[in-house]
file query11.tsv (TSV, C-alpha atoms)
chain	number	residue	atom	x	y	z
H	1	MET	CA	59.47	-59.31	18.70
H	2	LYS	CA	56.17	-59.31	16.78
H	3	GLY	CA	55.68	-56.93	13.88
H	4	LEU	CA	52.57	-56.16	11.82
H	5	ILE	CA	52.77	-56.58	8.04
H	6	PHE	CA	50.36	-56.08	5.16
H	7	ALA	CA	49.81	-59.60	3.81
H	8	GLY	CA	47.64	-58.64	0.83
H	9	ASP	CA	43.93	-58.82	-0.03
H	10	ARG	CA	42.98	-56.65	2.97
H	11	THR	CA	44.71	-58.89	5.52
H	12	VAL	CA	47.45	-58.22	8.04
H	13	GLU	CA	49.68	-60.61	9.97
H	14	LEU	CA	51.77	-60.46	13.12
H	15	LEU	CA	55.10	-62.11	12.35
H	16	ASP	CA	58.23	-62.80	14.38
H	17	PHE	CA	61.22	-60.54	13.72
H	18	PRO	CA	64.60	-60.31	15.48
H	19	ASP	CA	64.92	-57.55	18.04
H	20	PRO	CA	66.89	-54.78	16.26
H	21	THR	CA	70.47	-53.88	17.16
H	22	PRO	CA	71.83	-50.46	16.14
H	23	GLY	CA	74.73	-50.25	13.72
H	24	ALA	CA	76.98	-47.28	12.98
H	25	GLY	CA	74.97	-44.07	12.95
H	26	GLU	CA	71.80	-45.84	14.08
H	27	VAL	CA	69.54	-45.91	17.12
H	28	VAL	CA	66.82	-48.23	18.35
H	29	LEU	CA	63.52	-46.80	19.55
H	30	GLU	CA	61.07	-48.35	21.93
H	31	MET	CA	57.84	-47.59	20.12
H	32	LYS	CA	55.12	-45.82	22.06
H	33	ALA	CA	52.68	-44.93	19.26
H	34	SER	CA	52.48	-45.75	15.56
H	35	GLY	CA	49.81	-44.03	13.51
H	36	MET	CA	47.58	-45.36	10.74
H	37	CYS	CA	47.78	-43.29	7.56
H	38	GLY	CA	45.38	-43.21	4.61
H	39	SER	CA	48.25	-44.15	2.30
H	40	ASP	CA	48.50	-47.46	4.20
H	41	LEU	CA	45.30	-48.54	2.49
H	42	LYS	CA	47.09	-48.80	-0.86
H	43	PHE	CA	49.33	-51.52	0.58
H	44	TYR	CA	46.56	-53.07	2.66
H	45	ARG	CA	44.40	-53.53	-0.45
H	46	THR	CA	47.14	-54.90	-2.72
H	47	PRO	CA	46.44	-58.48	-3.92
H	48	LYS	CA	48.27	-61.35	-2.25
H	49	GLY	CA	51.48	-62.28	-4.00
H	50	ALA	CA	51.99	-58.84	-5.51
H	51	ASN	CA	55.17	-58.03	-3.62
H	52	ALA	CA	55.69	-54.67	-5.34
H	53	GLY	CA	54.18	-52.00	-3.13
H	54	LEU	CA	53.23	-54.50	-0.44
H	55	GLY	CA	55.96	-53.49	1.95
H	56	PHE	CA	58.66	-55.76	0.56
H	57	ALA	CA	62.18	-54.49	0.06
H	58	SER	CA	63.77	-56.05	-3.06
H	59	ASN	CA	62.59	-59.57	-2.17
H	60	ALA	CA	64.36	-59.37	1.19
H	61	GLY	CA	61.23	-60.51	3.01
H	62	PRO	CA	58.20	-58.89	4.61
H	63	VAL	CA	58.61	-55.41	6.02
H	64	ILE	CA	56.98	-54.16	9.21
H	65	ALA	CA	54.34	-51.56	8.37
H	66	GLY	CA	53.80	-48.14	9.94
H	67	HIS	CA	55.32	-44.86	8.75
H	68	GLU	CA	54.10	-42.63	11.60
H	69	PRO	CA	56.49	-43.73	14.37
H	70	CYS	CA	56.94	-42.09	17.74
H	71	GLY	CA	58.87	-43.45	20.70
H	72	VAL	CA	61.87	-43.28	23.01
H	73	VAL	CA	65.54	-43.89	22.25
H	74	VAL	CA	66.68	-47.03	24.10
H	75	ALA	CA	69.91	-47.98	22.29
H	76	ILE	CA	72.55	-46.00	20.42
H	77	GLY	CA	75.06	-47.38	17.92
H	78	PRO	CA	78.62	-46.23	17.28
H	79	GLU	CA	79.26	-42.93	15.48
H	80	VAL	CA	76.14	-41.30	16.95
H	81	GLY	CA	77.05	-38.07	18.68
H	82	PRO	CA	75.42	-36.81	21.91
H	83	ARG	CA	73.72	-34.00	20.00
H	84	GLU	CA	72.12	-36.50	17.60
H	85	ALA	CA	70.47	-38.80	20.16
H	86	ARG	CA	70.46	-39.66	23.84
H	87	ILE	CA	68.96	-42.52	25.83
H	88	GLY	CA	65.44	-41.66	26.95
H	89	GLN	CA	64.92	-38.97	24.30
H	90	ARG	CA	61.30	-38.67	23.10
H	91	VAL	CA	61.33	-38.57	19.31
H	92	MET	CA	59.37	-38.66	16.08
H	93	VAL	CA	60.85	-40.21	12.93
H	94	HIS	CA	61.11	-38.51	9.55
H	95	HIS	CA	60.26	-41.72	7.75
H	96	TYR	CA	62.68	-41.37	4.82
H	97	HIS	CA	66.43	-41.85	4.51
H	98	GLY	CA	68.51	-40.66	1.58
H	99	CYS	CA	72.13	-40.27	0.55
H	100	GLY	CA	72.68	-37.49	3.07
H	101	VAL	CA	74.83	-35.34	0.81
H	102	CYS	CA	72.68	-34.08	-2.10
H	103	GLU	CA	71.01	-30.67	-1.91
H	104	HIS	CA	67.64	-32.15	-0.95
H	105	CYS	CA	69.03	-34.31	1.85
H	106	ARG	CA	71.06	-31.43	3.23
H	107	GLY	CA	67.90	-29.36	3.35
H	108	GLY	CA	66.03	-32.07	5.27
H	109	TRP	CA	63.99	-33.20	2.24
H	110	THR	CA	65.38	-36.74	2.17
H	111	GLN	CA	62.27	-38.04	0.37
H	112	MET	CA	63.45	-35.99	-2.62
H	113	CYS	CA	66.98	-37.45	-2.52
H	114	ALA	CA	68.76	-37.01	-5.87
H	115	GLU	CA	69.90	-40.63	-5.58
H	116	THR	CA	66.31	-41.65	-4.63
H	117	PRO	CA	65.60	-42.49	-0.97
H	118	ASP	CA	67.30	-45.68	0.09
H	119	ALA	CA	64.63	-46.33	2.72
H	120	ILE	CA	61.01	-45.40	3.30
H	121	TYR	CA	60.24	-46.71	6.75
H	122	GLY	CA	57.11	-48.82	6.91
H	123	ILE	CA	57.24	-49.45	3.14
H	124	THR	CA	60.73	-50.49	2.03
H	125	ALA	CA	62.30	-50.73	5.50
H	126	HIS	CA	60.87	-51.81	8.85
H	127	GLY	CA	58.40	-49.32	10.28
H	128	GLY	CA	56.73	-48.56	13.58
H	129	HIS	CA	54.06	-51.26	13.94
H	130	ALA	CA	56.28	-53.23	16.35
H	131	PRO	CA	57.70	-52.89	19.87
H	132	TYR	CA	61.07	-51.63	18.56
H	133	MET	CA	62.34	-49.82	15.46
H	134	LYS	CA	65.86	-49.20	14.17
H	135	VAL	CA	66.57	-45.99	12.23
H	136	PRO	CA	69.49	-43.68	11.42
H	137	ALA	CA	69.94	-41.00	14.06
H	138	SER	CA	69.61	-38.41	11.28
H	139	THR	CA	65.89	-39.23	10.93
H	140	LEU	CA	65.04	-38.25	14.50
H	141	VAL	CA	63.13	-35.10	15.43
H	142	THR	CA	62.61	-34.33	19.11
H	143	LEU	CA	59.04	-34.58	20.42
H	144	PRO	CA	58.29	-31.63	22.75
H	145	ASP	CA	57.54	-32.71	26.31
H	146	ALA	CA	54.11	-31.04	26.13
H	147	LEU	CA	52.95	-33.42	23.39
H	148	SER	CA	51.69	-36.98	23.75
H	149	PHE	CA	53.19	-39.86	21.80
H	150	GLU	CA	49.89	-40.14	19.89
H	151	THR	CA	50.22	-36.52	18.80
H	152	GLY	CA	53.81	-37.16	17.78
H	153	ALA	CA	52.74	-40.10	15.63
H	154	ALA	CA	50.13	-37.97	13.87
H	155	ILE	CA	52.59	-35.15	13.22
H	156	ALA	CA	55.10	-37.68	11.84
H	157	CYS	CA	53.02	-37.97	8.65
H	158	GLY	CA	49.37	-36.99	8.15
H	159	THR	CA	49.15	-34.00	10.48
H	160	GLY	CA	52.61	-32.79	9.45
H	161	THR	CA	51.59	-33.09	5.80
H	162	ALA	CA	48.53	-30.89	6.41
H	163	TYR	CA	50.63	-28.28	8.22
H	164	GLY	CA	53.23	-28.27	5.44
H	165	ALA	CA	50.55	-27.67	2.81
H	166	LEU	CA	49.01	-24.74	4.70
H	167	ARG	CA	52.43	-23.19	5.20
H	168	ARG	CA	53.24	-23.55	1.49
H	169	MET	CA	50.02	-21.71	0.71
H	170	ALA	CA	50.84	-18.97	3.24
H	171	LEU	CA	47.39	-19.32	4.78
H	172	SER	CA	46.29	-16.43	6.99
H	173	GLY	CA	43.32	-15.34	9.06
H	174	ASN	CA	42.15	-13.22	6.13
H	175	ASP	CA	41.48	-16.30	4.03
H	176	THR	CA	38.59	-18.61	3.34
H	177	ILE	CA	39.89	-22.10	2.57
H	178	ALA	CA	37.90	-24.95	1.05
H	179	ILE	CA	39.26	-28.37	2.03
H	180	PHE	CA	38.21	-31.38	-0.02
H	181	GLY	CA	38.45	-34.65	1.92
H	182	GLN	CA	38.17	-34.97	5.69
H	183	GLY	CA	40.26	-38.05	6.31
H	184	PRO	CA	43.18	-37.77	8.75
H	185	VAL	CA	45.07	-35.26	6.57
H	186	GLY	CA	41.99	-33.19	5.74
H	187	LEU	CA	40.82	-33.11	9.35
H	188	SER	CA	44.28	-31.99	10.44
H	189	ALA	CA	44.20	-29.25	7.81
H	190	THR	CA	40.78	-28.16	9.06
H	191	GLN	CA	42.02	-28.03	12.65
H	192	PHE	CA	45.18	-26.10	11.76
H	193	ALA	CA	43.44	-23.69	9.37
H	194	ALA	CA	40.88	-22.83	12.03
H	195	ALA	CA	43.69	-22.30	14.55
H	196	MET	CA	45.37	-19.94	12.05
H	197	GLY	CA	42.18	-17.88	11.92
H	198	ALA	CA	40.94	-18.89	8.46
H	199	ARG	CA	37.32	-19.68	7.63
H	200	VAL	CA	37.10	-23.36	6.66
H	201	ILE	CA	34.62	-24.92	4.23
H	202	ALA	CA	34.94	-28.70	4.50
H	203	PHE	CA	33.83	-31.39	2.04
H	204	ASP	CA	33.52	-35.15	2.47
H	205	ILE	CA	31.08	-37.93	1.61
H	206	SER	CA	31.16	-39.37	5.16
H	207	PRO	CA	28.67	-37.85	7.64
H	208	GLU	CA	30.91	-39.00	10.50
H	209	ARG	CA	33.91	-37.17	9.06
H	210	LEU	CA	31.88	-34.03	8.38
H	211	ALA	CA	30.77	-34.07	12.01
H	212	ARG	CA	34.42	-34.33	13.07
H	213	ALA	CA	35.28	-31.42	10.79
H	214	ARG	CA	32.65	-29.30	12.60
H	215	GLU	CA	34.18	-30.25	15.94
H	216	LEU	CA	37.63	-29.26	14.71
H	217	GLY	CA	36.60	-25.80	13.54
H	218	ALA	CA	34.97	-25.95	10.10
H	219	ALA	CA	32.52	-23.09	9.60
H	220	GLU	CA	30.59	-24.92	6.87
H	221	VAL	CA	30.48	-28.61	5.88
H	222	PHE	CA	29.09	-30.24	2.74
H	223	ASP	CA	28.64	-33.66	1.21
H	224	PRO	CA	29.57	-32.96	-2.43
H	225	ARG	CA	27.23	-35.65	-3.75
H	226	GLY	CA	24.12	-34.05	-5.17
H	227	ILE	CA	25.36	-30.47	-4.93
H	228	ASP	CA	27.61	-28.25	-7.03
H	229	ALA	CA	30.59	-27.79	-4.73
H	230	VAL	CA	32.00	-24.89	-6.73
H	231	ALA	CA	28.65	-23.08	-6.64
H	232	ALA	CA	28.35	-23.68	-2.89
H	233	ILE	CA	31.77	-22.11	-2.29
H	234	ARG	CA	31.01	-19.15	-4.52
H	235	GLU	CA	27.70	-18.56	-2.74
H	236	LEU	CA	29.54	-18.37	0.59
H	237	THR	CA	32.17	-15.98	-0.79
H	238	GLY	CA	30.12	-13.36	-2.60
H	239	GLY	CA	30.60	-15.10	-5.93
H	240	ARG	CA	34.38	-14.77	-5.86
H	241	GLY	CA	35.53	-18.20	-4.68
H	242	ALA	CA	37.92	-19.16	-1.89
H	243	GLU	CA	41.33	-17.52	-1.54
H	244	LYS	CA	42.84	-20.95	-0.84
H	245	THR	CA	41.69	-24.48	-1.66
H	246	LEU	CA	43.21	-27.81	-0.68
H	247	ASP	CA	42.53	-31.31	-2.01
H	248	THR	CA	43.48	-34.23	0.23
H	249	SER	CA	41.07	-36.73	-1.34
H	250	SER	CA	42.83	-37.72	-4.60
H	251	ALA	CA	39.38	-37.88	-6.25
H	252	PRO	CA	39.59	-36.37	-9.77
H	253	GLU	CA	36.28	-34.54	-9.43
H	254	ALA	CA	37.31	-33.06	-6.07
H	255	ARG	CA	40.63	-31.90	-7.47
H	256	ALA	CA	38.91	-30.22	-10.40
H	257	ALA	CA	36.39	-28.57	-8.08
H	258	ALA	CA	39.21	-27.29	-5.87
H	259	VAL	CA	40.85	-25.55	-8.81
H	260	LYS	CA	37.59	-24.14	-10.17
H	261	ALA	CA	36.49	-22.89	-6.74
H	262	THR	CA	39.69	-20.91	-6.25
H	263	ARG	CA	39.12	-17.18	-6.74
H	264	ALA	CA	41.12	-15.12	-9.20
H	265	TRP	CA	44.73	-14.75	-8.01
H	266	GLY	CA	44.09	-17.49	-5.44
H	267	THR	CA	46.06	-20.65	-4.66
H	268	CYS	CA	45.05	-24.30	-4.92
H	269	CYS	CA	47.20	-26.97	-3.26
H	270	LEU	CA	47.08	-30.68	-4.15
H	271	VAL	CA	48.16	-33.12	-1.45
H	272	GLY	CA	46.28	-36.36	-2.20
H	273	GLU	CA	48.50	-38.93	-3.95
H	274	GLY	CA	47.83	-40.72	-7.24
H	275	GLY	CA	45.31	-40.31	-10.02
H	276	GLY	CA	44.82	-37.42	-12.41
H	277	ILE	CA	42.87	-34.25	-13.09
H	278	SER	CA	41.15	-32.82	-16.15
H	279	LEU	CA	40.94	-29.04	-16.56
H	280	ASP	CA	40.51	-26.39	-19.21
H	281	VAL	CA	43.85	-24.66	-18.81
H	282	SER	CA	42.73	-21.31	-20.21
H	283	THR	CA	39.38	-21.05	-18.42
H	284	ASP	CA	40.26	-22.74	-15.13
H	285	ILE	CA	43.82	-21.51	-14.62
H	286	LEU	CA	45.39	-18.98	-16.97
H	287	ARG	CA	42.63	-16.43	-17.32
H	288	ARG	CA	41.99	-16.38	-13.59
H	289	GLN	CA	45.69	-16.23	-12.65
H	290	VAL	CA	45.27	-19.25	-10.35
H	291	THR	CA	48.38	-20.72	-8.74
H	292	ILE	CA	48.44	-24.52	-8.39
H	293	ILE	CA	51.03	-26.08	-6.12
H	294	GLY	CA	51.80	-29.58	-4.96
H	295	SER	CA	52.92	-30.33	-1.42
H	296	TRP	CA	54.58	-33.63	-0.52
H	297	THR	CA	54.82	-34.32	3.22
H	298	PHE	CA	57.51	-32.13	4.90
H	299	SER	CA	61.20	-31.79	5.69
H	300	THR	CA	62.84	-32.59	9.01
H	301	VAL	CA	62.81	-28.84	9.67
H	302	GLY	CA	59.10	-28.67	8.83
H	303	LEU	CA	58.37	-31.62	11.11
H	304	ALA	CA	60.03	-29.85	14.04
H	305	GLU	CA	58.21	-26.59	13.19
H	306	CYS	CA	54.84	-28.35	13.16
H	307	ALA	CA	55.51	-29.91	16.57
H	308	ARG	CA	56.45	-26.51	18.00
H	309	PHE	CA	53.32	-24.93	16.53
H	310	VAL	CA	51.11	-27.60	18.12
H	311	ALA	CA	52.84	-27.28	21.49
H	312	GLU	CA	52.88	-23.48	21.59
H	313	ARG	CA	49.28	-23.06	20.41
H	314	LYS	CA	48.09	-25.96	22.58
H	315	ILE	CA	46.28	-27.57	19.65
H	316	ASP	CA	44.49	-30.76	20.68
H	317	VAL	CA	45.78	-33.07	17.94
H	318	ASP	CA	44.78	-36.05	20.09
H	319	HIS	CA	41.18	-35.10	19.27
H	320	LEU	CA	41.80	-36.42	15.75
H	321	PHE	CA	41.91	-39.96	17.10
H	322	THR	CA	38.72	-41.98	17.23
H	323	HIS	CA	40.37	-45.38	17.78
H	324	ARG	CA	43.38	-46.63	19.72
H	325	TRP	CA	44.52	-50.21	19.17
H	326	SER	CA	47.03	-52.82	20.28
H	327	LEU	CA	49.09	-54.61	17.61
H	328	ALA	CA	47.12	-57.78	18.33
H	329	GLU	CA	44.01	-55.93	17.12
H	330	GLY	CA	45.62	-55.05	13.78
H	331	GLU	CA	43.14	-56.98	11.65
H	332	ALA	CA	40.12	-55.24	13.18
H	333	ALA	CA	41.90	-51.89	13.12
H	334	TYR	CA	42.58	-51.91	9.40
H	335	ARG	CA	39.21	-53.42	8.54
H	336	LEU	CA	37.53	-50.43	10.21
H	337	PHE	CA	40.01	-47.90	8.81
H	338	ASP	CA	39.34	-49.28	5.32
H	339	THR	CA	35.74	-47.99	5.53
H	340	GLN	CA	37.18	-44.44	5.40
H	341	ALA	CA	34.43	-43.20	7.68
H	342	THR	CA	36.38	-42.83	10.93
H	343	GLY	CA	38.83	-40.36	12.38
H	344	LYS	CA	42.45	-41.31	12.88
H	345	GLY	CA	43.61	-44.63	14.34
H	346	VAL	CA	46.82	-45.35	16.23
H	347	PHE	CA	48.57	-48.39	17.67
H	348	LEU	CA	49.80	-47.92	21.24
H	349	MET	CA	52.61	-50.09	22.55
call {"tool": "encode", "arguments": {"input": "query11.tsv", "output": "structure tokens"}}
result
Amino acid sequence: MKGLIFAGDRTVELLDFPDPTPGAGEVVLEMKASGMCGSDLKFYRTPKGANAGLGFASNAGPVIAGHEPCGVVVAIGPEVGPREARIGQRVMVHHYHGCGVCEHCRGGWTQMCAETPDAIYGITAHGGHAPYMKVPASTLVTLPDALSFETGAAIACGTGTAYGALRRMALSGNDTIAIFGQGPVGLSATQFAAAMGARVIAFDISPERLARARELGAAEVFDPRGIDAVAAIRELTGGRGAEKTLDTSSAPEARAAAVKATRAWGTCCLVGEGGGISLDVSTDILRRQVTIIGSWTFSTVGLAECARFVAERKIDVDHLFTHRWSLAEGEAAYRLFDTQATGKGVFLM
């Protein structure tokens, strides 16, 4: 089979890989959809020859990209029980695998494995940008029949991450939430927050993404360049600030604005990976009793909860997608996604 890899210096390649065969405790999926995530760009942009972080597993060779997999079970290995997987089952993949016995793994948080995850699919182990994918049966989460494979792929990382953050903040319809960054995660957060009844104030530097945020339920949208984002939020909230703020951008200035725009006793959640933040602890946090939390993706339980929420509320997650691609179009797909001005992209097999 052909699998898409990140070859370095903003290039991708389709390479030949053996068709996978399931071992003990494993299944093989026929991939139906594999999403493109903003975190892919870190690996896409890595210089050629820099194997670390390029999708290579301990010099074992190139690794198929894609950590938002969704497909159908087509083969089952030994030691997989009928309640774990069945042929024809529609599934998403929780794209981490850990020791299986520590407290984090037992709670479904395998990315927090006390022994460190032994696989991150699409990064250190073969991911979903291929016709087939082999994973442990324990990573599978059933995709409700009401949801498309594209929706399942989105929930499997970016959309699930947004849902997990809003749940950690206990967002309600009484809240105003300011969301910094309207990439795939931020747009998902905007869509979910609006569905939960909150008033959404969305920020991004891309006019296209701000327009998408409007479509997905944002009450107000702003390009933070040339304005004081904190002042804009305070003006819309009677000078108090937003009850909840969320940063998905990783930009230091956006993170700082998110904290400063949170009202007294409010909650700020940081989701965007990497980088830092500079704050005056007394003025920005302590003396306003602001709670700052971090939220890292989701558990297997949270992934299933997000899928149920989408199905029961009939949320049109497919509306996040602006581009659908074949694997053969991988080079063009990532070149466009690298502009960070589009909605979500997905490979359909």
call {"tool": "residues_around", "arguments": {"input": "query11.tsv", "residues": "Ser278 (chain H)", "least_positions_apart": "6", "cutoff": "12 Å", "atoms": "only C-alpha atoms", "output": "list in words"}}
result
Ala251, Pro252, Glu253, Ala254, Arg255, Ala256, Ala257, Ala258, Val259, Lys260, Asp284 and Ile285 of chain H
call {"tool": "atom_distance", "arguments": {"input": "query11.tsv", "atom1": "CA of Ala242 (chain H)", "atom2": "CA of Arg168 (chain H)"}}
result
16.3 Å
call {"tool": "closest_residue", "arguments": {"input": "query11.tsv", "among": "H:Ala170, H:Cys113, H:Ala211, H:Val230", "to": "Thr267 (chain H)", "atoms": "all atoms listed in the file"}}
result
H:Ala170
call {"tool": "residues_around", "arguments": {"input": "query11.tsv", "residues": "region 174-183 of chain H", "least_positions_apart": "6", "cutoff": "7 Å", "atoms": "all atoms listed in the file", "output": "ChimeraX atom specification"}}
result
/H:198-204,209-210,213,242-249,254,343
call {"tool": "residues_around", "arguments": {"input": "query11.tsv", "residues": "Val310 (chain H)", "least_positions_apart": "5", "cutoff": "10 Å", "atoms": "all atoms listed in the file", "output": "list in words"}}
result
Pro144, Ala146, Leu147, Thr151, Gly152, Ile155, Tyr163, Phe192, Ala195, Glu305, Ile315, Asp316 and Val317 of chain H
call {"tool": "axis_aligned_box", "arguments": {"input": "query11.tsv", "around": "region 288-295 of chain H", "padding_each_side": "8 Å", "output": "AutoDock Vina command-line options"}}
result
--center_x 47.5 --center_y -23.3 --center_z -7.5 --size_x 26.9 --size_y 30.1 --size_z 28.2
call {"tool": "closest_residue", "arguments": {"input": "query11.tsv", "among": "H:Thr161, H:Thr322, H:Thr110, H:Ser188", "to": "Gly294 (chain H)", "atoms": "all atoms listed in the file"}}
result
H:Thr161
call {"tool": "closest_residue", "arguments": {"input": "query11.tsv", "among": "H:Gly266, H:Gly160, H:Gly66, H:Gly3", "to": "Trp296 (chain H)", "atoms": "only C-alpha atoms"}}
result
H:Gly160
call {"tool": "closest_residue", "arguments": {"input": "query11.tsv", "among": "H:Arg45, H:His126, H:Lys2, H:Arg313", "to": "Val28 (chain H)", "atoms": "only C-alpha atoms"}}
result
H:His126
call {"tool": "atom_distance", "arguments": {"input": "query11.tsv", "atom1": "CA of Asp318 (chain H)", "atom2": "CA of Ser148 (chain H)"}}
result
7.9 Å
call {"tool": "atom_distance", "arguments": {"input": "query11.tsv", "atom1": "CA of Tyr96 (chain H)", "atom2": "CA of Asp118 (chain H)"}}
result
7.9 Å
call {"tool": "residues_near_point", "arguments": {"input": "query11.tsv", "point": "(71.5, -43.7, 6.7)", "cutoff": "7 Å", "atoms": "only C-alpha atoms", "output": "list in words"}}
result
His97, Gly98 and Pro136 of chain H
call {"tool": "closest_residue", "arguments": {"input": "query11.tsv", "among": "H:Ser250, H:Thr262, H:Gln289, H:Thr139", "to": "Gln111 (chain H)", "atoms": "only C-alpha atoms"}}
result
H:Thr139
call {"tool": "closest_residue", "arguments": {"input": "query11.tsv", "among": "H:Arg10, H:His67, H:Arg263, H:His95", "to": "Phe43 (chain H)", "atoms": "all atoms listed in the file"}}
result
H:Arg10
call {"tool": "residues_around", "arguments": {"input": "query11.tsv", "residues": "region 329-335 of chain H", "least_positions_apart": "5", "cutoff": "9 Å", "atoms": "all atoms listed in the file", "output": "PyMOL selection string"}}
result
chain H and resi 4+10-14+36+41+44+323-324+345-347
call {"tool": "residues_around", "arguments": {"input": "query11.tsv", "residues": "Asp40 (chain H)", "least_positions_apart": "5", "cutoff": "12 Å", "atoms": "only C-alpha atoms", "output": "MDAnalysis selection string"}}
result
chainID H and resid 5:6 8 10 12 35 45:46 53:55 64:68 122:123 127 129 157:158 184 273 333:335 337:338 340 345
call {"tool": "build_atoms", "arguments": {"input": "query11.tsv", "residues": "region 302-316 of chain H", "atoms": "N, CA and C atoms", "output": "short mmCIF file (atom, residue, chain, number, x, y, z; two decimals), in the coordinates of the input"}}
result
data_model
loop_
_atom_site.label_atom_id
_atom_site.label_comp_id
_atom_site.auth_asym_id
_atom_site.auth_seq_id
_atom_site.Cartn_x
_atom_site.Cartn_y
_atom_site.Cartn_z
N GLY H 302 60.54 -28.89 8.77
CA GLY H 302 59.10 -28.67 8.83
C GLY H 302 58.42 -29.52 9.88
N LEU H 303 58.93 -30.74 10.08
CA LEU H 303 58.37 -31.62 11.11
C LEU H 303 58.56 -31.01 12.50
N ALA H 304 59.76 -30.50 12.75
CA ALA H 304 60.03 -29.85 14.04
C ALA H 304 59.19 -28.59 14.21
N GLU H 305 59.01 -27.82 13.12
CA GLU H 305 58.21 -26.59 13.19
C GLU H 305 56.76 -26.90 13.51
N CYS H 306 56.22 -27.96 12.88
CA CYS H 306 54.84 -28.35 13.16
C CYS H 306 54.66 -28.73 14.62
N ALA H 307 55.60 -29.50 15.16
CA ALA H 307 55.51 -29.91 16.57
C ALA H 307 55.54 -28.69 17.49
N ARG H 308 56.40 -27.73 17.18
CA ARG H 308 56.45 -26.51 18.00
C ARG H 308 55.14 -25.74 17.92
N PHE H 309 54.58 -25.64 16.72
CA PHE H 309 53.32 -24.93 16.53
C PHE H 309 52.22 -25.57 17.38
N VAL H 310 52.13 -26.89 17.34
CA VAL H 310 51.11 -27.60 18.12
C VAL H 310 51.31 -27.37 19.61
N ALA H 311 52.56 -27.45 20.07
CA ALA H 311 52.84 -27.28 21.49
C ALA H 311 52.56 -25.85 21.95
N GLU H 312 53.02 -24.88 21.18
CA GLU H 312 52.88 -23.48 21.59
C GLU H 312 51.43 -23.00 21.54
N ARG H 313 50.68 -23.47 20.54
CA ARG H 313 49.28 -23.06 20.41
C ARG H 313 48.33 -23.96 21.18
N LYS H 314 48.88 -25.01 21.79
CA LYS H 314 48.09 -25.96 22.58
C LYS H 314 46.93 -26.54 21.75
N ILE H 315 47.27 -26.98 20.54
CA ILE H 315 46.28 -27.57 19.65
C ILE H 315 46.06 -29.03 20.04
N ASP H 316 44.83 -29.42 20.19
CA ASP H 316 44.49 -30.76 20.68
C ASP H 316 44.48 -31.76 19.51
#
